[in-house]
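Asks: Next comes structure_5.txt, compact mmCIF, C-alpha atoms:
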# COMPACT_ATOMS: atom_id res chain seq x y z
CA GLU T 19 -38.55 -180.33 83.71
CA PHE T 20 -38.63 -179.92 79.93
CA TYR T 21 -40.79 -183.03 79.63
CA VAL T 22 -43.21 -181.72 82.27
CA ASN T 23 -43.50 -178.32 80.55
CA PHE T 24 -43.90 -179.95 77.15
CA THR T 25 -46.60 -182.28 78.47
CA ARG T 26 -48.34 -179.33 80.11
CA MET T 27 -48.30 -177.42 76.81
CA ILE T 28 -49.82 -180.36 74.98
CA PHE T 29 -52.52 -180.71 77.63
CA GLU T 30 -53.30 -176.97 77.55
CA ASP T 31 -53.56 -177.03 73.76
CA GLN T 32 -55.86 -180.02 73.90
CA LEU T 33 -57.99 -178.32 76.55
CA LEU T 34 -58.22 -175.10 74.51
CA PHE T 35 -59.10 -177.03 71.39
CA PHE T 36 -61.74 -178.97 73.35
CA PHE T 37 -63.47 -175.76 74.47
CA SER T 38 -63.21 -174.32 70.96
CA ALA T 39 -64.74 -177.47 69.49
CA ILE T 40 -67.51 -177.50 72.11
CA GLY T 41 -68.32 -173.87 71.32
CA ALA T 42 -68.50 -174.57 67.60
CA PHE T 43 -70.60 -177.70 68.16
CA ASN T 44 -73.10 -175.81 70.32
CA GLY T 45 -73.32 -173.14 67.62
CA PHE T 46 -74.08 -175.74 64.95
CA PHE T 47 -76.63 -177.40 67.23
CA LEU T 48 -78.48 -174.15 67.91
CA SER T 49 -78.34 -173.20 64.24
CA VAL T 50 -80.07 -176.46 63.28
CA TYR T 51 -82.56 -176.00 66.11
CA PHE T 52 -83.63 -172.52 64.98
CA ALA T 53 -83.74 -173.61 61.33
CA PHE T 54 -85.85 -176.75 61.71
CA PHE T 55 -87.32 -177.27 65.18
CA VAL T 56 -88.83 -173.99 66.43
CA GLU T 57 -92.61 -173.98 66.40
CA GLU T 58 -93.01 -170.69 64.52
CA LYS T 59 -90.61 -170.48 61.60
CA SER T 60 -90.03 -167.05 60.08
CA LYS T 61 -87.32 -164.88 58.56
CA LYS T 62 -86.26 -164.06 62.10
CA THR T 63 -85.45 -167.65 62.95
CA CYS T 64 -83.78 -168.18 59.56
CA PHE T 65 -81.48 -165.18 60.03
CA LEU T 66 -80.64 -166.24 63.60
CA SER T 67 -79.88 -169.76 62.39
CA ALA T 68 -77.66 -168.38 59.63
CA LEU T 69 -75.86 -166.08 62.08
CA LEU T 70 -75.06 -168.94 64.45
CA MET T 71 -73.97 -171.13 61.55
CA VAL T 72 -71.47 -168.65 60.07
CA ILE T 73 -70.01 -167.86 63.52
CA SER T 74 -69.60 -171.58 64.21
CA VAL T 75 -67.95 -172.19 60.83
CA ARG T 76 -65.60 -169.24 61.44
CA ILE T 77 -64.66 -170.54 64.90
CA THR T 78 -64.14 -174.09 63.63
CA LYS T 79 -61.86 -172.87 60.85
CA SER T 80 -59.81 -170.78 63.31
CA SER T 81 -59.45 -173.62 65.79
CA PHE T 82 -58.35 -176.21 63.25
CA LEU T 83 -56.02 -173.82 61.47
CA TYR T 84 -54.30 -172.91 64.74
CA PHE T 85 -53.90 -176.45 66.05
CA TYR T 86 -53.75 -178.39 62.75
CA SER T 87 -52.21 -176.14 60.12
CA GLY T 88 -52.41 -178.82 57.44
CA ILE T 89 -56.18 -178.62 56.95
CA TYR T 90 -57.56 -178.47 53.43
CA GLU T 91 -57.49 -175.02 51.86
CA ILE T 92 -61.13 -175.25 50.77
CA PHE T 93 -62.10 -175.46 54.45
CA ILE T 94 -60.08 -172.30 55.16
CA HIS T 95 -61.88 -170.49 52.33
CA VAL T 96 -65.27 -171.60 53.66
CA GLY T 97 -64.33 -170.19 57.08
CA LEU T 98 -63.22 -166.88 55.59
CA THR T 99 -66.45 -166.63 53.59
CA ALA T 100 -68.41 -167.28 56.79
CA CYS T 101 -66.53 -164.39 58.41
CA ALA T 102 -67.75 -162.10 55.61
CA LEU T 103 -71.37 -163.05 56.42
CA ILE T 104 -71.39 -162.62 60.22
CA GLY T 105 -72.02 -158.87 60.05
CA PRO T 106 -74.74 -159.04 57.38
CA PHE T 107 -76.69 -161.79 59.15
CA LEU T 108 -76.48 -159.96 62.50
CA TYR T 109 -77.81 -156.79 60.83
CA LEU T 110 -80.58 -158.69 59.02
CA TYR T 111 -81.67 -160.46 62.19
CA ILE T 112 -81.81 -157.23 64.20
CA LYS T 113 -83.61 -155.42 61.38
CA GLU T 114 -86.21 -158.17 61.02
CA ASN T 115 -87.00 -157.82 64.72
CA VAL T 116 -87.02 -154.02 64.88
CA ARG T 117 -88.39 -153.10 61.44
CA PRO T 118 -89.96 -156.19 59.88
CA LYS T 119 -91.28 -155.97 56.32
CA GLN T 120 -93.53 -158.49 54.64
CA HIS T 121 -92.32 -160.12 51.41
CA SER T 122 -89.07 -158.15 51.36
CA TYR T 123 -86.13 -159.69 49.52
CA THR T 124 -83.62 -156.90 50.09
CA TRP T 125 -81.67 -159.31 52.33
CA VAL T 126 -80.29 -160.88 49.14
CA PHE T 127 -78.28 -157.70 48.49
CA HIS T 128 -76.61 -158.07 51.88
CA VAL T 129 -75.58 -161.68 51.29
CA LEU T 130 -75.12 -162.55 47.61
CA PRO T 131 -72.48 -159.88 46.74
CA TYR T 132 -70.23 -161.05 49.58
CA LEU T 133 -70.61 -164.69 48.59
CA VAL T 134 -69.66 -163.91 45.00
CA ALA T 135 -66.79 -161.63 46.04
CA MET T 136 -65.31 -164.20 48.43
CA ILE T 137 -65.51 -166.97 45.83
CA ILE T 138 -63.65 -164.78 43.33
CA ILE T 139 -61.03 -163.60 45.86
CA CYS T 140 -60.38 -167.08 47.27
CA THR T 141 -60.01 -168.44 43.73
CA LEU T 142 -57.58 -165.73 42.59
CA TYR T 143 -55.65 -165.40 45.87
CA PRO T 144 -55.65 -168.74 47.75
CA TYR T 145 -54.91 -168.37 51.44
CA LYS T 146 -51.89 -170.66 51.67
CA ASP T 147 -50.13 -169.08 48.68
CA ASN T 148 -50.94 -165.46 49.64
CA ARG T 149 -50.80 -165.27 53.42
CA SER T 150 -49.35 -161.76 53.37
CA LEU T 151 -52.56 -160.62 51.64
CA TRP T 152 -54.74 -162.19 54.33
CA PHE T 153 -52.95 -161.59 57.63
CA LEU T 154 -54.04 -158.56 59.65
CA ARG T 155 -50.61 -157.45 60.84
CA TYR T 156 -48.92 -157.26 57.44
CA ASN T 157 -51.02 -154.75 55.59
CA TRP T 158 -53.90 -152.43 56.50
CA LEU T 159 -55.40 -153.18 53.09
CA SER T 160 -55.14 -156.94 53.57
CA PHE T 161 -58.20 -159.05 52.92
CA GLY T 162 -58.31 -159.83 56.64
CA ASN T 163 -58.55 -156.17 57.61
CA ILE T 164 -61.19 -155.58 54.95
CA LEU T 165 -63.27 -158.45 56.36
CA TYR T 166 -63.14 -157.14 59.91
CA THR T 167 -63.87 -153.58 58.77
CA GLN T 168 -66.93 -154.82 56.90
CA TRP T 169 -67.99 -156.76 60.01
CA LEU T 170 -67.57 -153.58 62.10
CA LEU T 171 -69.67 -151.51 59.68
CA TYR T 172 -72.54 -153.97 60.02
CA LEU T 173 -72.15 -153.89 63.80
CA VAL T 174 -72.58 -150.11 63.64
CA LEU T 175 -75.66 -150.46 61.40
CA ALA T 176 -77.17 -153.00 63.80
CA GLY T 177 -76.38 -150.68 66.72
CA VAL T 178 -78.20 -147.82 64.97
CA LEU T 179 -81.29 -150.01 64.66
CA LEU T 180 -81.08 -150.72 68.39
CA ARG T 181 -80.55 -147.08 69.37
CA ASP T 182 -83.98 -146.79 71.02
CA THR T 183 -83.31 -149.96 72.99
CA PHE T 184 -79.93 -148.65 74.14
CA ARG T 185 -81.60 -145.42 75.28
CA LYS T 186 -84.10 -147.38 77.34
CA VAL T 187 -81.22 -149.03 79.23
CA PHE T 188 -80.45 -145.64 80.79
CA LYS T 189 -84.04 -144.51 81.39
CA LYS T 190 -85.57 -145.52 84.70
CA GLU T 191 -89.13 -144.91 83.54
CA GLU T 192 -88.85 -147.35 80.64
CA LYS T 193 -88.10 -151.04 81.11
CA LEU T 194 -86.71 -153.38 78.49
CA SER T 195 -88.97 -156.08 77.14
CA SER T 196 -87.76 -159.69 77.04
CA GLN T 197 -87.22 -159.43 73.29
CA GLU T 198 -85.16 -156.25 73.64
CA VAL T 199 -82.97 -157.96 76.25
CA TRP T 200 -82.51 -160.85 73.84
CA LEU T 201 -81.52 -158.60 70.94
CA LEU T 202 -79.05 -156.64 73.07
CA ASN T 203 -77.37 -159.85 74.19
CA ILE T 204 -77.10 -161.15 70.63
CA PHE T 205 -75.60 -157.84 69.50
CA LEU T 206 -73.13 -157.58 72.38
CA ALA T 207 -72.05 -161.22 72.04
CA VAL T 208 -71.18 -160.77 68.36
CA ALA T 209 -69.45 -157.47 69.16
CA ILE T 210 -67.31 -159.18 71.82
CA VAL T 211 -66.26 -161.89 69.38
CA TRP T 212 -65.32 -159.20 66.83
CA LEU T 213 -63.37 -157.28 69.45
CA ALA T 214 -61.46 -160.38 70.55
CA TYR T 215 -60.52 -161.26 66.99
CA ARG T 216 -59.51 -157.73 66.15
CA THR T 217 -57.55 -156.67 69.21
CA VAL T 218 -55.80 -159.76 70.60
CA ARG T 219 -52.76 -161.05 68.75
CA TYR T 220 -53.32 -164.79 69.17
CA THR T 221 -57.06 -165.26 69.19
CA SER T 222 -57.94 -168.39 67.22
CA TYR T 223 -58.42 -170.58 70.25
CA ILE T 224 -59.42 -167.70 72.56
CA VAL T 225 -62.36 -166.81 70.33
CA GLY T 226 -63.25 -170.48 70.20
CA ALA T 227 -63.59 -170.41 73.96
CA LEU T 228 -65.47 -167.13 73.72
CA SER T 229 -67.87 -168.69 71.25
CA PHE T 230 -68.48 -171.46 73.76
CA SER T 231 -69.50 -168.85 76.34
CA PHE T 232 -71.50 -167.03 73.67
CA VAL T 233 -73.63 -169.99 72.57
CA PHE T 234 -73.93 -171.29 76.13
CA TYR T 235 -75.32 -167.91 77.15
CA ILE T 236 -77.77 -167.99 74.25
CA SER T 237 -78.78 -171.52 75.27
CA PHE T 238 -79.41 -170.31 78.81
CA LEU T 239 -81.45 -167.33 77.62
CA LEU T 240 -83.45 -169.56 75.28
CA TRP T 241 -84.20 -171.96 78.11
CA LEU T 242 -85.15 -169.08 80.42
CA PHE T 243 -87.45 -167.39 77.89
CA ARG T 244 -89.11 -170.64 76.88
CA ARG T 245 -89.64 -171.51 80.54
CA LYS T 246 -91.39 -168.16 81.07
CA LYS T 247 -93.15 -168.48 77.70
CA LEU T 248 -91.83 -165.16 76.42
CA PRO T 249 -92.25 -164.66 72.64
CA ILE T 250 -88.62 -163.86 71.70
CA LEU T 251 -88.93 -165.64 68.35
CA SER T 252 -92.55 -164.90 67.63
CA ASN T 253 -93.88 -162.49 65.01
CA GLN T 254 -96.49 -161.32 67.52
CA PRO T 255 -95.92 -158.03 69.38
CA THR T 256 -94.29 -158.49 72.77
CA LYS T 257 -96.58 -158.22 75.76
CA TYR T 258 -95.49 -155.83 78.46
CA ALA T 259 -97.30 -157.10 81.54
CA ASN T 260 -99.28 -153.87 81.90
CA LYS T 261 -96.23 -151.63 82.26
CA LYS T 262 -97.68 -148.36 81.04
CA ILE T 263 -95.60 -145.77 79.26
CA SER T 264 -95.17 -142.60 81.31
CA GLN T 265 -97.78 -139.87 80.87
CA GLU T 266 -95.27 -137.54 79.23
CA HIS T 267 -94.23 -140.08 76.61
CA ALA T 268 -97.82 -141.25 76.10
CA LEU T 269 -98.91 -137.68 75.36
CA SER T 270 -96.11 -137.35 72.81
CA ILE T 271 -97.20 -140.53 71.02
CA ALA T 272 -100.86 -139.43 71.10
CA ASN T 273 -99.94 -136.16 69.39
CA GLN T 274 -97.91 -137.98 66.76
CA LEU T 275 -100.76 -140.41 66.12
CA GLU T 276 -103.16 -137.50 65.69
CA GLN T 277 -100.81 -136.05 63.08
CA VAL T 278 -100.32 -139.16 60.94
CA LEU T 279 -103.81 -140.63 61.32
CA ALA T 280 -106.30 -137.78 61.63
CA ARG T 281 -104.46 -135.33 59.36
CA GLU T 282 -102.41 -137.45 56.98
CA GLU T 283 -105.04 -140.24 57.04
CA ILE T 284 -102.57 -143.09 56.51
CA TYR T 285 -105.20 -145.47 57.91
CA ARG T 286 -106.79 -145.37 54.42
CA ASP T 287 -103.96 -147.68 53.28
CA SER T 288 -105.48 -151.16 53.55
CA ALA T 289 -101.98 -152.69 53.77
CA LEU T 290 -101.02 -150.59 56.82
CA LYS T 291 -99.26 -152.67 59.48
CA LEU T 292 -97.99 -151.95 62.97
CA PRO T 293 -94.33 -151.58 61.82
CA ASP T 294 -95.44 -149.11 59.11
CA LEU T 295 -97.20 -146.91 61.64
CA ALA T 296 -94.22 -147.21 64.01
CA ASP T 297 -91.92 -146.06 61.20
CA ALA T 298 -94.14 -143.03 60.60
CA LEU T 299 -93.90 -142.17 64.30
CA GLU T 300 -90.16 -142.96 64.40
CA VAL T 301 -90.55 -145.40 67.30
CA THR T 302 -90.04 -149.15 67.52
CA PRO T 303 -93.01 -151.46 66.82
CA HIS T 304 -92.66 -152.87 70.35
CA TYR T 305 -92.90 -149.39 71.90
CA LEU T 306 -96.02 -148.55 69.87
CA SER T 307 -97.55 -151.93 70.72
CA GLN T 308 -96.90 -151.29 74.40
CA TYR T 309 -98.64 -147.91 74.18
CA LEU T 310 -101.70 -149.31 72.38
CA ASN T 311 -102.08 -152.36 74.61
CA ASP T 312 -101.27 -150.97 78.03
CA ASN T 313 -102.14 -147.26 77.79
CA LEU T 314 -105.17 -147.49 75.49
CA GLY T 315 -106.23 -151.09 76.10
CA GLN T 316 -106.52 -151.80 72.37
CA ASN T 317 -104.71 -153.88 69.82
CA PHE T 318 -103.46 -152.39 66.57
CA THR T 319 -106.34 -153.67 64.41
CA ASN T 320 -109.12 -152.31 66.62
CA PHE T 321 -107.30 -148.99 67.02
CA ILE T 322 -106.95 -148.45 63.26
CA ASN T 323 -110.46 -149.71 62.54
CA ALA T 324 -111.87 -147.02 64.85
CA TYR T 325 -110.39 -144.36 62.58
CA ARG T 326 -111.66 -146.15 59.48
CA VAL T 327 -115.19 -146.48 60.85
CA LYS T 328 -115.22 -142.79 61.81
CA ALA T 329 -114.19 -141.90 58.24
CA ALA T 330 -116.89 -144.23 56.89
CA GLU T 331 -119.53 -142.47 59.01
CA LYS T 332 -118.64 -139.15 57.40
CA MET T 333 -118.75 -140.62 53.90
CA LEU T 334 -122.13 -142.27 54.52
CA LEU T 335 -123.45 -138.88 55.57
CA ASN T 336 -121.77 -136.72 52.92
CA SER T 337 -121.55 -139.11 49.95
CA PRO T 338 -124.83 -141.09 49.88
CA HIS T 339 -124.37 -141.80 46.15
CA LEU T 340 -121.36 -144.07 46.79
CA THR T 341 -121.83 -147.80 47.28
CA LEU T 342 -121.00 -149.38 50.64
CA GLU T 343 -118.21 -151.36 48.98
CA ALA T 344 -116.62 -148.19 47.59
CA ILE T 345 -116.83 -146.46 50.97
CA GLY T 346 -115.24 -149.41 52.73
CA LYS T 347 -112.31 -149.51 50.32
CA GLU T 348 -111.88 -145.75 50.44
CA CYS T 349 -111.62 -145.89 54.23
CA GLY T 350 -108.98 -148.63 54.24
CA PHE T 351 -110.90 -151.88 54.62
CA ASN T 352 -109.64 -154.61 52.30
CA SER T 353 -112.96 -156.48 52.11
CA ASN T 354 -116.69 -155.98 52.64
CA SER T 355 -116.73 -158.52 55.45
CA SER T 356 -114.04 -156.72 57.45
CA PHE T 357 -115.83 -153.39 56.86
CA TYR T 358 -119.20 -154.74 58.01
CA SER T 359 -117.70 -156.55 61.01
CA ALA T 360 -115.68 -153.58 62.27
CA PHE T 361 -118.52 -151.10 61.70
CA LYS T 362 -121.05 -153.22 63.58
CA LYS T 363 -118.61 -153.88 66.41
CA ILE T 364 -118.05 -150.16 66.96
CA LYS T 365 -121.45 -148.66 66.03
CA GLY T 366 -123.76 -151.58 66.85
CA LEU T 367 -125.22 -151.43 63.31
CA THR T 368 -124.15 -152.61 59.91
CA PRO T 369 -123.19 -149.90 57.38
CA GLY T 370 -126.44 -150.58 55.50
CA GLN T 371 -128.55 -150.16 58.63
CA TYR T 372 -126.68 -147.02 59.56
CA LYS T 373 -127.25 -145.57 56.08
CA LYS T 374 -130.98 -146.25 56.29
CA GLU T 375 -131.22 -144.41 59.61
CA LEU T 376 -129.64 -141.36 57.95
CA MET T 377 -132.38 -141.22 55.33
Take the structure in the file and give it back as structure tokens.
Replies:
Amino acid sequence: EFYVNFTRMIFEDQLLFFFSAIGAFNGFFLSVYFAFFVEEKSKKTCFLSALLMVISVRITKSSFLYFYSGIYEIFIHVGLTACALIGPFLYLYIKENVRPKQHSYTWVFHVLPYLVAMIIICTLYPYKDNRSLWFLRYNWLSFGNILYTQWLLYLVLAGVLLRDTFRKVFKKEEKLSSQEVWLLNIFLAVAIVWLAYRTVRYTSYIVGALSFSFVFYISFLLWLFRRKKLPILSNQPTKYANKKISQEHALSIANQLEQVLAREEIYRDSALKLPDLADALEVTPHYLSQYLNDNLGQNFTNFINAYRVKAAEKMLLNSPHLTLEAIGKECGFNSNSSFYSAFKKIKGLTPGQYKKELM
């Protein structure tokens, strides 16, 4: 009977390790895929690749440490450092989807300090010689507790960014886009892994199995979205299949747009982008894009250019001494060609022809 139980324990351990290893392998595979093989590479795909990589490294470290305690200490330190980066990369990925900014390098401040701090801590307090400083159950101020608290804070920050998406889950009149479903699943999957690590006593192998489910689910979603050709990784605004925003919400957005465009005239900023306007309205870029495309039947560029052309008309009438180039720049066009093209498209005349008719 002892032999049977012992053999069963060995088999169960091997099975648990197998699922942990499979989960980590799938994470590494998807990380490489998003980093090198997606058609449209961007900061989004880089952050998603990094997120999957650090989770996989963390799971691999946990699995090996639980089943093979004699692993090299440097590998343990790499796993602990990866744990410190899970929260930041989740936050950065969500932020890049919800509030993207061109040529922004603020992500460095969410990554580099933790890398430096972990290198210093692991050098001064090696894991194997200072286990009481790392284990969660020994000390609330242990490095382990600090790591999971930091991870939790970034989960909260990511949740705040997704607050509009969470609200839509409970509103019948608003349906989630494919990209919003994707982001919610990424967020919840990472939150579940954090919860399992933080609340269950023996979780090294359990979280390995969880990670297997996590990356398998992502694989399934990726396959499903690619099959339906939904732009979950694209920088282009998500299309909403003509699902119009309700009249009440549309009226609210129209009033806000009137405030920031007609009165504050932010369209005069030639660098104005859809996310910038969405920030001014305090809505998500996807929600604003849905309103413009499905309620107004316009894309962002044509919508903004209509305001710019209207402003140019007034300046051509009231400031005839200004050159056409000066008027175009004053109204928000970044080049003469874009000014001429937009003006003719809307008015049927070039700015020069329009000016002559006023004389």
Asks: Compile a residue-level contact table for segment 102-175 of chain T against segment 73-79 of chain T at a cut-off of 12 Å, reporting for every qualifying residue the shortest atom pair and its distance in Å to one decimal, with all atoms listed in the file counted, rows ordered by chain and ascending number, as a Markdown table.
Replies:
| residue | atom | partner | partner_atom | distance |
| --- | --- | --- | --- | --- |
| T:Ala102 | CA | T:Arg76 | CA | 9.5 |
| T:Leu103 | CA | T:Ile73 | CA | 8.7 |
| T:Ile104 | CA | T:Ile73 | CA | 6.3 |
| T:Gly105 | CA | T:Ile73 | CA | 9.8 |
| T:Pro106 | CA | T:Ile73 | CA | 11.7 |
| T:Phe107 | CA | T:Ile73 | CA | 10.0 |
| T:Leu108 | CA | T:Ile73 | CA | 10.3 |
| T:Trp169 | CA | T:Ile73 | CA | 11.8 |
Asks: Just give me the gap between atom CA of Leu130 of chain T and atom CA of Phe47 of chain T in Å, one decimal is fine.
Replies: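 Computing the Euclidean distance for atom CA of Leu130 of chain T and atom CA of Phe47 of chain T yields 24.7 Å.
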Asks: One decimal, in Å: what's the spacing between atom CA of Leu175 of chain T and atom CA of Thr124 of chain T?
Replies: 15.3 Å
Asks: Could you work out how far atom CA of Tyr111 of chain T lies from atom CA of Gly162 of chain T, giving the answer in Å with one decimal?
Replies: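 For atom CA of Gly162 of chain T relative to atom CA of Tyr111 of chain T, the distance reads 24.0 Å.
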Asks: Env of Gly45 of chain T: 6 Å cut, atoms = all atoms listed in the file, seq-sep filter 2 positions within chain, self excluded. Answer as a list in words.
Replies: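 Listing them by chain and then by number gives Ala42, Phe43, Phe47, Leu48, Leu70, Ser74 and Val233 of chain T.
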Asks: Between T:Lys61, T:Arg216, T:Lys328, T:Arg149, which is the closest to Phe161 of chain T once you count all atoms listed in the file?
Replies: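 Selected residue with least distance to Phe161 of chain T: T:Arg149.
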Asks: Between T:Pro303, T:Pro144, T:Pro293, T:Gly370, which is the closest to Thr341 of chain T once you count only C-alpha atoms?
Replies: T:Gly370
Asks: Using all atoms listed in the file for the distances, tell me which of T:Ile139, T:Leu299, T:Ala53, T:Val327 is nearest to Tyr372 of chain T.
Replies: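 Nearest to Tyr372 of chain T: T:Val327.
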Asks: Extract, using all atoms listed in the file, all DNA, RNA and protein residues at most 12 Å from Met136 of chain T, discarding same-chain residues fewer than 2 positions from it, and format them as a list of chain:residue names.
Replies: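 In the requested format, the answer is T:Ile94, T:His95, T:Val96, T:Gly97, T:Leu98, T:Thr99, T:Ala100, T:Cys101, T:Ala102, T:Leu103, T:Val129, T:Leu130, T:Pro131, T:Tyr132, T:Leu133, T:Val134, T:Ile138, T:Ile139, T:Cys140, T:Thr141, T:Leu142, T:Tyr143, T:Pro144, T:Tyr145, T:Phe161, T:Gly162, T:Ile164, T:Leu165.
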Asks: Using all atoms listed in the file, can you tell me which of T:Thr183, T:Ser195, T:Ser356, T:Asn115 comes closest to Thr368 of chain T?
Replies: T:Ser356
